[in-house]
$ cat query-v4.cif   # mmCIF, N, CA and C atoms and all ligand atoms
data_run
loop_
_atom_site.label_atom_id
_atom_site.label_comp_id
_atom_site.auth_asym_id
_atom_site.auth_seq_id
_atom_site.Cartn_x
_atom_site.Cartn_y
_atom_site.Cartn_z
N MET A 1 155.65 71.14 152.31
CA MET A 1 155.05 70.45 151.16
C MET A 1 155.52 69.00 151.14
N ALA A 2 154.59 68.09 150.85
CA ALA A 2 154.94 66.67 150.83
C ALA A 2 155.86 66.35 149.66
N ALA A 3 156.72 65.39 149.84
CA ALA A 3 157.64 64.99 148.78
C ALA A 3 156.87 64.31 147.65
N ASP A 4 157.36 64.46 146.45
CA ASP A 4 156.74 63.82 145.29
C ASP A 4 157.62 62.64 144.88
N TYR A 5 156.96 61.52 144.60
CA TYR A 5 157.71 60.33 144.22
C TYR A 5 157.38 59.97 142.79
N GLU A 6 158.38 59.67 142.04
CA GLU A 6 158.17 59.32 140.63
C GLU A 6 158.21 57.81 140.47
N CYS A 7 157.12 57.26 139.95
CA CYS A 7 157.03 55.82 139.72
C CYS A 7 158.10 55.40 138.72
N ASP A 8 158.79 54.30 139.00
CA ASP A 8 159.80 53.82 138.06
C ASP A 8 159.31 52.59 137.28
N LEU A 9 157.98 52.38 137.30
CA LEU A 9 157.35 51.30 136.52
C LEU A 9 157.92 49.93 136.89
N CYS A 10 158.06 49.69 138.18
CA CYS A 10 158.57 48.38 138.61
C CYS A 10 157.53 47.28 138.41
N GLY A 11 156.25 47.64 138.43
CA GLY A 11 155.19 46.65 138.25
C GLY A 11 154.92 45.81 139.49
N ALA A 12 155.54 46.15 140.61
CA ALA A 12 155.38 45.33 141.82
C ALA A 12 153.93 45.28 142.29
N GLY A 13 153.24 46.41 142.22
CA GLY A 13 151.85 46.45 142.69
C GLY A 13 150.92 45.59 141.85
N CYS A 14 151.34 45.22 140.67
CA CYS A 14 150.52 44.42 139.75
C CYS A 14 150.88 42.94 139.81
N ARG A 15 151.72 42.57 140.77
CA ARG A 15 152.12 41.17 140.88
C ARG A 15 152.26 40.71 142.34
N VAL A 16 152.00 41.59 143.28
CA VAL A 16 152.18 41.24 144.69
C VAL A 16 150.85 41.10 145.42
N PHE A 17 149.94 42.04 145.18
CA PHE A 17 148.68 42.05 145.92
C PHE A 17 147.55 41.42 145.10
N PRO A 18 146.56 40.84 145.77
CA PRO A 18 145.34 40.44 145.04
C PRO A 18 144.69 41.68 144.44
N ILE A 19 144.20 41.56 143.22
CA ILE A 19 143.56 42.68 142.53
C ILE A 19 142.12 42.30 142.22
N TYR A 20 141.19 43.09 142.72
CA TYR A 20 139.77 42.87 142.47
C TYR A 20 139.19 44.04 141.70
N ALA A 21 138.18 43.75 140.92
CA ALA A 21 137.50 44.79 140.15
C ALA A 21 136.01 44.76 140.46
N SER A 22 135.41 45.91 140.35
CA SER A 22 133.99 46.04 140.65
C SER A 22 133.13 45.85 139.39
N VAL A 23 131.85 45.80 139.61
CA VAL A 23 130.91 45.74 138.49
C VAL A 23 131.08 46.99 137.62
N ALA A 24 131.21 48.14 138.26
CA ALA A 24 131.39 49.39 137.50
C ALA A 24 132.70 49.37 136.71
N ASP A 25 133.76 48.78 137.29
CA ASP A 25 135.03 48.66 136.56
C ASP A 25 134.84 47.84 135.28
N ALA A 26 134.07 46.76 135.40
CA ALA A 26 133.86 45.87 134.25
C ALA A 26 132.98 46.52 133.19
N VAL A 27 132.12 47.40 133.59
CA VAL A 27 131.32 48.13 132.61
C VAL A 27 132.23 49.09 131.84
N ARG A 28 133.13 49.75 132.57
CA ARG A 28 134.06 50.69 131.94
C ARG A 28 135.07 49.95 131.04
N GLU A 29 135.51 48.76 131.48
CA GLU A 29 136.50 48.00 130.73
C GLU A 29 135.98 46.56 130.53
N PRO A 30 135.35 46.26 129.40
CA PRO A 30 134.75 44.94 129.18
C PRO A 30 135.74 43.77 129.25
N ARG A 31 137.01 44.02 129.03
CA ARG A 31 137.98 42.92 129.10
C ARG A 31 138.09 42.35 130.51
N ILE A 32 137.73 43.14 131.49
CA ILE A 32 137.77 42.62 132.86
C ILE A 32 136.82 41.43 132.98
N ALA A 33 135.61 41.56 132.48
CA ALA A 33 134.64 40.47 132.59
C ALA A 33 135.06 39.25 131.79
N SER A 34 135.76 39.46 130.69
CA SER A 34 136.13 38.32 129.86
C SER A 34 137.44 37.66 130.31
N GLU A 35 138.31 38.39 131.01
CA GLU A 35 139.62 37.82 131.37
C GLU A 35 139.78 37.53 132.85
N ALA A 36 138.99 38.18 133.69
CA ALA A 36 139.11 37.96 135.13
C ALA A 36 138.18 36.82 135.56
N ARG A 37 138.33 36.38 136.78
CA ARG A 37 137.44 35.34 137.32
C ARG A 37 136.27 36.03 138.01
N CYS A 38 135.07 35.68 137.59
CA CYS A 38 133.88 36.21 138.24
C CYS A 38 133.69 35.43 139.55
N ARG A 39 133.73 36.12 140.65
CA ARG A 39 133.70 35.46 141.95
C ARG A 39 132.30 34.95 142.28
N GLU A 40 132.25 33.85 143.04
CA GLU A 40 130.97 33.29 143.44
C GLU A 40 130.18 34.34 144.22
N ALA A 41 128.88 34.28 144.07
CA ALA A 41 128.02 35.31 144.67
C ALA A 41 128.22 35.43 146.18
N TRP A 42 128.43 34.30 146.86
CA TRP A 42 128.56 34.36 148.32
C TRP A 42 129.89 34.98 148.75
N LEU A 43 130.85 35.06 147.83
CA LEU A 43 132.14 35.65 148.14
C LEU A 43 132.22 37.11 147.71
N ALA A 44 131.46 37.45 146.70
CA ALA A 44 131.65 38.74 146.04
C ALA A 44 130.81 39.85 146.64
N SER A 45 131.34 41.02 146.55
CA SER A 45 130.59 42.25 146.81
C SER A 45 130.60 43.01 145.49
N PRO A 46 129.74 44.01 145.32
CA PRO A 46 129.78 44.77 144.06
C PRO A 46 131.16 45.38 143.80
N GLU A 47 131.89 45.71 144.86
CA GLU A 47 133.22 46.31 144.69
C GLU A 47 134.29 45.28 144.35
N GLN A 48 134.03 44.01 144.68
CA GLN A 48 135.03 42.97 144.42
C GLN A 48 134.36 41.81 143.66
N ARG A 49 133.72 42.13 142.57
CA ARG A 49 132.98 41.11 141.80
C ARG A 49 133.93 40.24 140.98
N TYR A 50 135.05 40.81 140.53
CA TYR A 50 135.97 40.08 139.66
C TYR A 50 137.35 40.00 140.31
N GLN A 51 137.95 38.83 140.19
CA GLN A 51 139.32 38.66 140.66
C GLN A 51 140.24 38.69 139.44
N ILE A 52 141.05 39.72 139.39
CA ILE A 52 141.97 39.89 138.26
C ILE A 52 143.30 39.18 138.52
N TYR A 53 143.71 39.20 139.76
CA TYR A 53 144.96 38.56 140.14
C TYR A 53 144.90 38.21 141.62
N PRO A 54 145.42 37.07 142.05
CA PRO A 54 146.06 36.04 141.25
C PRO A 54 145.05 35.16 140.51
N LEU A 55 145.52 34.60 139.41
CA LEU A 55 144.77 33.62 138.64
C LEU A 55 145.71 32.47 138.29
N PRO A 56 145.18 31.28 138.07
CA PRO A 56 146.05 30.14 137.74
C PRO A 56 146.95 30.42 136.54
N PHE A 57 148.18 29.99 136.66
CA PHE A 57 149.18 30.05 135.58
C PHE A 57 149.68 31.46 135.27
N LEU A 58 149.28 32.45 136.04
CA LEU A 58 149.75 33.82 135.80
C LEU A 58 150.62 34.28 136.96
N GLU A 59 151.75 34.89 136.64
CA GLU A 59 152.65 35.40 137.68
C GLU A 59 152.44 36.89 137.91
N THR A 60 151.63 37.52 137.05
CA THR A 60 151.29 38.94 137.21
C THR A 60 149.84 39.11 136.77
N CYS A 61 149.33 40.29 136.98
CA CYS A 61 148.04 40.63 136.40
C CYS A 61 148.12 40.41 134.88
N SER A 62 147.07 39.88 134.30
CA SER A 62 147.12 39.58 132.86
C SER A 62 147.22 40.83 132.00
N PHE A 63 146.93 41.99 132.58
CA PHE A 63 146.99 43.23 131.81
C PHE A 63 148.36 43.91 131.91
N LEU A 64 149.26 43.34 132.69
CA LEU A 64 150.59 43.93 132.82
C LEU A 64 151.43 43.50 131.61
N GLN A 65 151.93 44.47 130.88
CA GLN A 65 152.71 44.19 129.68
C GLN A 65 154.17 43.95 130.04
N ALA A 66 154.93 43.49 129.06
CA ALA A 66 156.34 43.17 129.30
C ALA A 66 157.14 44.38 129.76
N ASP A 67 156.73 45.58 129.35
CA ASP A 67 157.43 46.79 129.78
C ASP A 67 156.88 47.35 131.09
N ASN A 68 156.07 46.54 131.79
CA ASN A 68 155.46 46.92 133.07
C ASN A 68 154.45 48.05 132.96
N ARG A 69 153.93 48.29 131.78
CA ARG A 69 152.84 49.26 131.63
C ARG A 69 151.53 48.50 131.58
N CYS A 70 150.48 49.18 132.00
CA CYS A 70 149.17 48.55 132.04
C CYS A 70 148.51 48.63 130.66
N GLU A 71 148.07 47.48 130.17
CA GLU A 71 147.45 47.43 128.85
C GLU A 71 146.11 48.15 128.83
N ILE A 72 145.47 48.27 129.98
CA ILE A 72 144.15 48.93 130.05
C ILE A 72 144.24 50.17 130.92
N TYR A 73 145.36 50.86 130.88
CA TYR A 73 145.62 51.96 131.82
C TYR A 73 144.47 52.96 131.89
N SER A 74 143.95 53.38 130.76
CA SER A 74 142.92 54.43 130.78
C SER A 74 141.59 53.94 131.34
N THR A 75 141.39 52.63 131.37
CA THR A 75 140.14 52.06 131.89
C THR A 75 140.41 51.07 133.02
N ARG A 76 141.54 51.18 133.68
CA ARG A 76 141.93 50.24 134.74
C ARG A 76 140.95 50.34 135.92
N PRO A 77 140.93 49.29 136.76
CA PRO A 77 140.02 49.29 137.91
C PRO A 77 140.32 50.44 138.89
N ASP A 78 139.32 50.79 139.65
CA ASP A 78 139.48 51.86 140.63
C ASP A 78 140.59 51.55 141.64
N VAL A 79 140.71 50.29 142.04
CA VAL A 79 141.74 49.95 143.02
C VAL A 79 143.13 50.28 142.47
N CYS A 80 143.32 50.13 141.19
CA CYS A 80 144.61 50.46 140.56
C CYS A 80 144.77 51.98 140.48
N ARG A 81 143.67 52.69 140.29
CA ARG A 81 143.74 54.16 140.23
C ARG A 81 144.16 54.74 141.57
N ARG A 82 143.77 54.06 142.64
CA ARG A 82 144.11 54.57 143.97
C ARG A 82 145.55 54.25 144.36
N PHE A 83 146.17 53.32 143.67
CA PHE A 83 147.54 52.92 144.02
C PHE A 83 148.51 54.00 143.57
N GLN A 84 149.23 54.57 144.50
CA GLN A 84 150.15 55.67 144.20
C GLN A 84 151.56 55.31 144.67
N PRO A 85 152.56 55.95 144.10
CA PRO A 85 153.94 55.67 144.53
C PRO A 85 154.28 56.35 145.86
N VAL A 86 153.32 56.43 146.73
CA VAL A 86 153.51 56.93 148.09
C VAL A 86 152.63 56.07 148.99
N GLY A 87 152.64 56.34 150.28
CA GLY A 87 151.79 55.60 151.19
C GLY A 87 152.45 54.31 151.63
N THR A 88 151.63 53.29 151.92
CA THR A 88 152.18 52.06 152.48
C THR A 88 152.24 50.91 151.47
N GLN A 89 151.30 50.87 150.50
CA GLN A 89 151.26 49.72 149.60
C GLN A 89 152.45 49.66 148.66
N CYS A 90 152.84 50.79 148.12
CA CYS A 90 153.98 50.79 147.19
C CYS A 90 155.25 50.31 147.88
N PRO A 91 155.63 50.86 149.03
CA PRO A 91 156.83 50.35 149.71
C PRO A 91 156.71 48.87 150.04
N GLU A 92 155.52 48.42 150.45
CA GLU A 92 155.34 47.01 150.79
C GLU A 92 155.55 46.13 149.55
N ALA A 93 154.97 46.55 148.43
CA ALA A 93 155.13 45.78 147.19
C ALA A 93 156.59 45.73 146.76
N ARG A 94 157.26 46.86 146.85
CA ARG A 94 158.67 46.90 146.44
C ARG A 94 159.54 46.03 147.35
N GLN A 95 159.24 46.05 148.64
CA GLN A 95 160.01 45.21 149.56
C GLN A 95 159.79 43.73 149.24
N LYS A 96 158.55 43.36 148.92
CA LYS A 96 158.28 41.95 148.60
C LYS A 96 158.98 41.53 147.31
N MET A 97 159.21 42.49 146.43
CA MET A 97 159.94 42.19 145.19
C MET A 97 161.44 42.41 145.36
N GLN A 98 161.86 42.72 146.58
CA GLN A 98 163.27 42.98 146.90
C GLN A 98 163.83 44.14 146.08
N LEU A 99 162.99 45.17 145.93
CA LEU A 99 163.40 46.39 145.23
C LEU A 99 163.66 47.48 146.26
N PRO A 100 164.59 48.40 145.99
CA PRO A 100 164.80 49.51 146.92
C PRO A 100 163.59 50.44 146.92
N LEU A 101 163.38 51.13 148.01
CA LEU A 101 162.28 52.09 148.09
C LEU A 101 162.54 53.25 147.16
N LEU A 102 161.44 53.85 146.64
CA LEU A 102 161.58 55.02 145.78
C LEU A 102 162.14 56.18 146.58
N LYS A 103 162.89 57.02 145.91
CA LYS A 103 163.39 58.24 146.53
C LYS A 103 162.57 59.41 146.03
N PRO A 104 162.46 60.48 146.82
CA PRO A 104 161.70 61.65 146.34
C PRO A 104 162.24 62.14 145.01
N SER A 105 161.31 62.55 144.14
CA SER A 105 161.68 63.01 142.80
C SER A 105 162.44 64.33 142.88
N GLU A 106 163.40 64.48 142.00
CA GLU A 106 164.13 65.75 141.91
C GLU A 106 163.55 66.63 140.81
N ARG A 107 162.56 66.08 140.08
CA ARG A 107 161.99 66.84 138.96
C ARG A 107 160.75 67.63 139.34
N GLY A 108 160.32 67.54 140.57
CA GLY A 108 159.19 68.36 141.00
C GLY A 108 157.87 67.64 140.93
N PRO A 109 156.83 68.28 141.44
CA PRO A 109 155.53 67.63 141.61
C PRO A 109 154.83 67.26 140.31
N SER A 110 155.22 67.79 139.18
CA SER A 110 154.51 67.46 137.94
C SER A 110 155.08 66.20 137.27
N SER A 111 156.09 65.60 137.88
CA SER A 111 156.74 64.47 137.22
C SER A 111 156.28 63.13 137.79
N ASN A 112 155.01 63.06 138.23
CA ASN A 112 154.55 61.80 138.81
C ASN A 112 154.23 60.78 137.72
N PHE A 113 153.82 59.61 138.16
CA PHE A 113 153.72 58.50 137.22
C PHE A 113 152.56 58.62 136.25
N ARG A 114 151.54 59.41 136.54
CA ARG A 114 150.41 59.50 135.61
C ARG A 114 150.87 59.98 134.25
N SER A 115 151.66 61.03 134.20
CA SER A 115 152.06 61.56 132.91
C SER A 115 152.99 60.59 132.19
N ASP A 116 153.74 59.78 132.95
CA ASP A 116 154.65 58.84 132.32
C ASP A 116 153.93 57.63 131.74
N ARG A 117 152.78 57.26 132.33
CA ARG A 117 152.14 56.02 131.94
C ARG A 117 151.00 56.22 130.97
N ALA A 118 150.48 57.40 130.88
CA ALA A 118 149.30 57.61 130.03
C ALA A 118 149.62 57.39 128.56
S1 LIG A 201 144.85 46.34 135.71
FE1 LIG A 201 146.74 47.42 135.13
S2 LIG A 201 147.30 48.68 136.90
FE2 LIG A 201 145.79 47.16 137.60
S3 LIG A 201 147.02 45.44 138.40
FE3 LIG A 201 146.57 45.01 136.22
S4 LIG A 201 148.33 45.82 135.06
FE4 LIG A 201 148.39 46.71 137.12
#

$ encode --input "query-v4.cif" --output "structure tokens"
Amino acid sequence: MAADYECDLCGAGCRVFPIYASVADAVREPRIASEARCREAWLASPEQRYQIYPLPFLETCSFLQADNRCEIYSTRPDVCRRFQPVGTQCPEARQKMQLPLLKPSERGPSSNFRSDRA
């Protein structure tokens, strides 16, 4: 059985990688269209219509709160839904933030970050 990793809410994934949102994401969460940058037509695809991060004068995604929780968690973009505390992106983000890698959870498979962040 694969190890389960428990997110410690470091927020690295919300401040290290470019974050794009789709047209469907913006329909689900209207704040995306009002707060993100709508990309020029020649640059955008339907999946990457809005640039949420980076944006001028922001050091994190604008929806990242001071406690590292997502302000729009229940309606966050699909790219954020796919980001898990396993795989390659999470370790890469943590390394860029000079954070130690997550260790496998001792609380079992039900203690992942979804239940902690909802
Ligand atoms: S929308 Fe939420 S989960 Fe996605 S990068 Fe921003 S703060 Fe993080």

$ closest_atom_pairs --input "query-v4.cif" --of "chain A" --to "ligand LIG 201 (chain A)" --cutoff "8 Å" --atoms "all atoms listed in the file" --output "JSON lines"
{"residue": "A:Gly11", "atom": "CA", "partner": "A:LIG201", "partner_atom": "FE4", "distance": 6.9}
{"residue": "A:Ala12", "atom": "C", "partner": "A:LIG201", "partner_atom": "FE4", "distance": 7.7}
{"residue": "A:Gly13", "atom": "C", "partner": "A:LIG201", "partner_atom": "S3", "distance": 5.2}
{"residue": "A:Cys14", "atom": "CA", "partner": "A:LIG201", "partner_atom": "S3", "distance": 3.9}
{"residue": "A:Arg15", "atom": "N", "partner": "A:LIG201", "partner_atom": "S3", "distance": 6.0}
{"residue": "A:Val16", "atom": "N", "partner": "A:LIG201", "partner_atom": "S3", "distance": 8.0}
{"residue": "A:Phe17", "atom": "C", "partner": "A:LIG201", "partner_atom": "S3", "distance": 7.8}
{"residue": "A:Pro18", "atom": "C", "partner": "A:LIG201", "partner_atom": "S3", "distance": 7.5}
{"residue": "A:Ile19", "atom": "CA", "partner": "A:LIG201", "partner_atom": "S3", "distance": 6.1}
{"residue": "A:Tyr20", "atom": "N", "partner": "A:LIG201", "partner_atom": "S3", "distance": 7.6}
{"residue": "A:Ile52", "atom": "C", "partner": "A:LIG201", "partner_atom": "FE3", "distance": 7.1}
{"residue": "A:Tyr53", "atom": "N", "partner": "A:LIG201", "partner_atom": "S3", "distance": 7.2}
{"residue": "A:Thr60", "atom": "C", "partner": "A:LIG201", "partner_atom": "FE3", "distance": 6.8}
{"residue": "A:Cys61", "atom": "CA", "partner": "A:LIG201", "partner_atom": "FE3", "distance": 4.6}
{"residue": "A:Ser62", "atom": "N", "partner": "A:LIG201", "partner_atom": "FE3", "distance": 5.5}
{"residue": "A:Phe63", "atom": "C", "partner": "A:LIG201", "partner_atom": "S4", "distance": 3.7}
{"residue": "A:Leu64", "atom": "N", "partner": "A:LIG201", "partner_atom": "S4", "distance": 3.6}
{"residue": "A:Gln65", "atom": "N", "partner": "A:LIG201", "partner_atom": "S4", "distance": 5.7}
{"residue": "A:Asn68", "atom": "C", "partner": "A:LIG201", "partner_atom": "S4", "distance": 6.8}
{"residue": "A:Arg69", "atom": "C", "partner": "A:LIG201", "partner_atom": "S4", "distance": 5.4}
{"residue": "A:Cys70", "atom": "CA", "partner": "A:LIG201", "partner_atom": "FE1", "distance": 4.1}
{"residue": "A:Glu71", "atom": "N", "partner": "A:LIG201", "partner_atom": "FE1", "distance": 5.1}
{"residue": "A:Ile72", "atom": "N", "partner": "A:LIG201", "partner_atom": "FE1", "distance": 5.4}
{"residue": "A:Tyr73", "atom": "N", "partner": "A:LIG201", "partner_atom": "FE1", "distance": 5.6}
{"residue": "A:Ser74", "atom": "N", "partner": "A:LIG201", "partner_atom": "FE1", "distance": 7.9}
{"residue": "A:Thr75", "atom": "C", "partner": "A:LIG201", "partner_atom": "S1", "distance": 7.0}
{"residue": "A:Arg76", "atom": "CA", "partner": "A:LIG201", "partner_atom": "S1", "distance": 5.0}
{"residue": "A:Pro77", "atom": "N", "partner": "A:LIG201", "partner_atom": "S1", "distance": 5.0}
{"residue": "A:Asp78", "atom": "N", "partner": "A:LIG201", "partner_atom": "FE2", "distance": 7.7}
{"residue": "A:Val79", "atom": "C", "partner": "A:LIG201", "partner_atom": "FE2", "distance": 6.4}
{"residue": "A:Cys80", "atom": "CA", "partner": "A:LIG201", "partner_atom": "FE2", "distance": 4.6}
{"residue": "A:Arg81", "atom": "N", "partner": "A:LIG201", "partner_atom": "S2", "distance": 6.4}

$ select_by_dssp --input "query-v4.cif" --residues "range 40-75 of chain A" --states "helix (DSSP H, G or I)" --output "ChimeraX atom specification"
/A:46-48,73-75

$ write_last_selection --input "query-v4.cif" --atoms "N, CA and C atoms" --output "short mmCIF file (atom, residue, chain, number, x, y, z; two decimals), in the coordinates of the input"
data_model
loop_
_atom_site.label_atom_id
_atom_site.label_comp_id
_atom_site.auth_asym_id
_atom_site.auth_seq_id
_atom_site.Cartn_x
_atom_site.Cartn_y
_atom_site.Cartn_z
N PRO A 46 129.74 44.01 145.32
CA PRO A 46 129.78 44.77 144.06
C PRO A 46 131.16 45.38 143.80
N GLU A 47 131.89 45.71 144.86
CA GLU A 47 133.22 46.31 144.69
C GLU A 47 134.29 45.28 144.35
N GLN A 48 134.03 44.01 144.68
CA GLN A 48 135.03 42.97 144.42
C GLN A 48 134.36 41.81 143.66
N TYR A 73 145.36 50.86 130.88
CA TYR A 73 145.62 51.96 131.82
C TYR A 73 144.47 52.96 131.89
N SER A 74 143.95 53.38 130.76
CA SER A 74 142.92 54.43 130.78
C SER A 74 141.59 53.94 131.34
N THR A 75 141.39 52.63 131.37
CA THR A 75 140.14 52.06 131.89
C THR A 75 140.41 51.07 133.02
#

$ residues_near_point --input "query-v4.cif" --point "(139.5, 41.7, 133.7)" --cutoff "8 Å" --atoms "only N, CA and C atoms" --output "PyMOL selection string"
chain A and resi 21+25-26+29-37+50-53+62-63

$ atom_distance --input "query-v4.cif" --atom1 "atom C of Pro100 in chain A" --atom2 "atom C of Leu55 in chain A"
26.8 Å

$ atom_distance --input "query-v4.cif" --atom1 "CA of Glu106 in chain A" --atom2 "CA of Leu9 in chain A"
16.8 Å

$ atom_distance --input "query-v4.cif" --atom1 "atom C of Glu47 in chain A" --atom2 "CA of Thr88 in chain A"
20.8 Å

$ residues_around --input "query-v4.cif" --residues "Arg49 in chain A" --least-positions-apart "5" --cutoff "6 Å" --atoms "only C-alpha atoms" --output "JSON, numbers by chain"
{"A": [22, 39, 44]}

$ closest_residue --input "query-v4.cif" --among "A:Cys10, A:Ala3, A:Met97, A:Ala41" --to "Asp67 in chain A" --atoms "all atoms listed in the file"
A:Cys10

$ axis_aligned_box --input "query-v4.cif" --around "range 6-9 of chain A" --padding-each-side "8 Å" --output "AutoDock Vina command-line options"
--center_x 158.4 --center_y 54.8 --center_z 139.3 --size_x 18.8 --size_y 25.7 --size_z 21.5

$ residues_around --input "query-v4.cif" --residues "Cys90 in chain A" --least-positions-apart "5" --cutoff "9 Å" --atoms "only C-alpha atoms" --output "PyMOL selection string"
chain A and resi 12-13+83-85+95+101-102

$ select_by_dssp --input "query-v4.cif" --residues "chain A" --states "strand (DSSP E or B)" --output "list in words"
Tyr5, Ile19, Tyr20, Ala21, Arg37, Cys38, Tyr50, Gln51, Ile52, Tyr53, Leu64, Cys70 and Pro104 of chain A
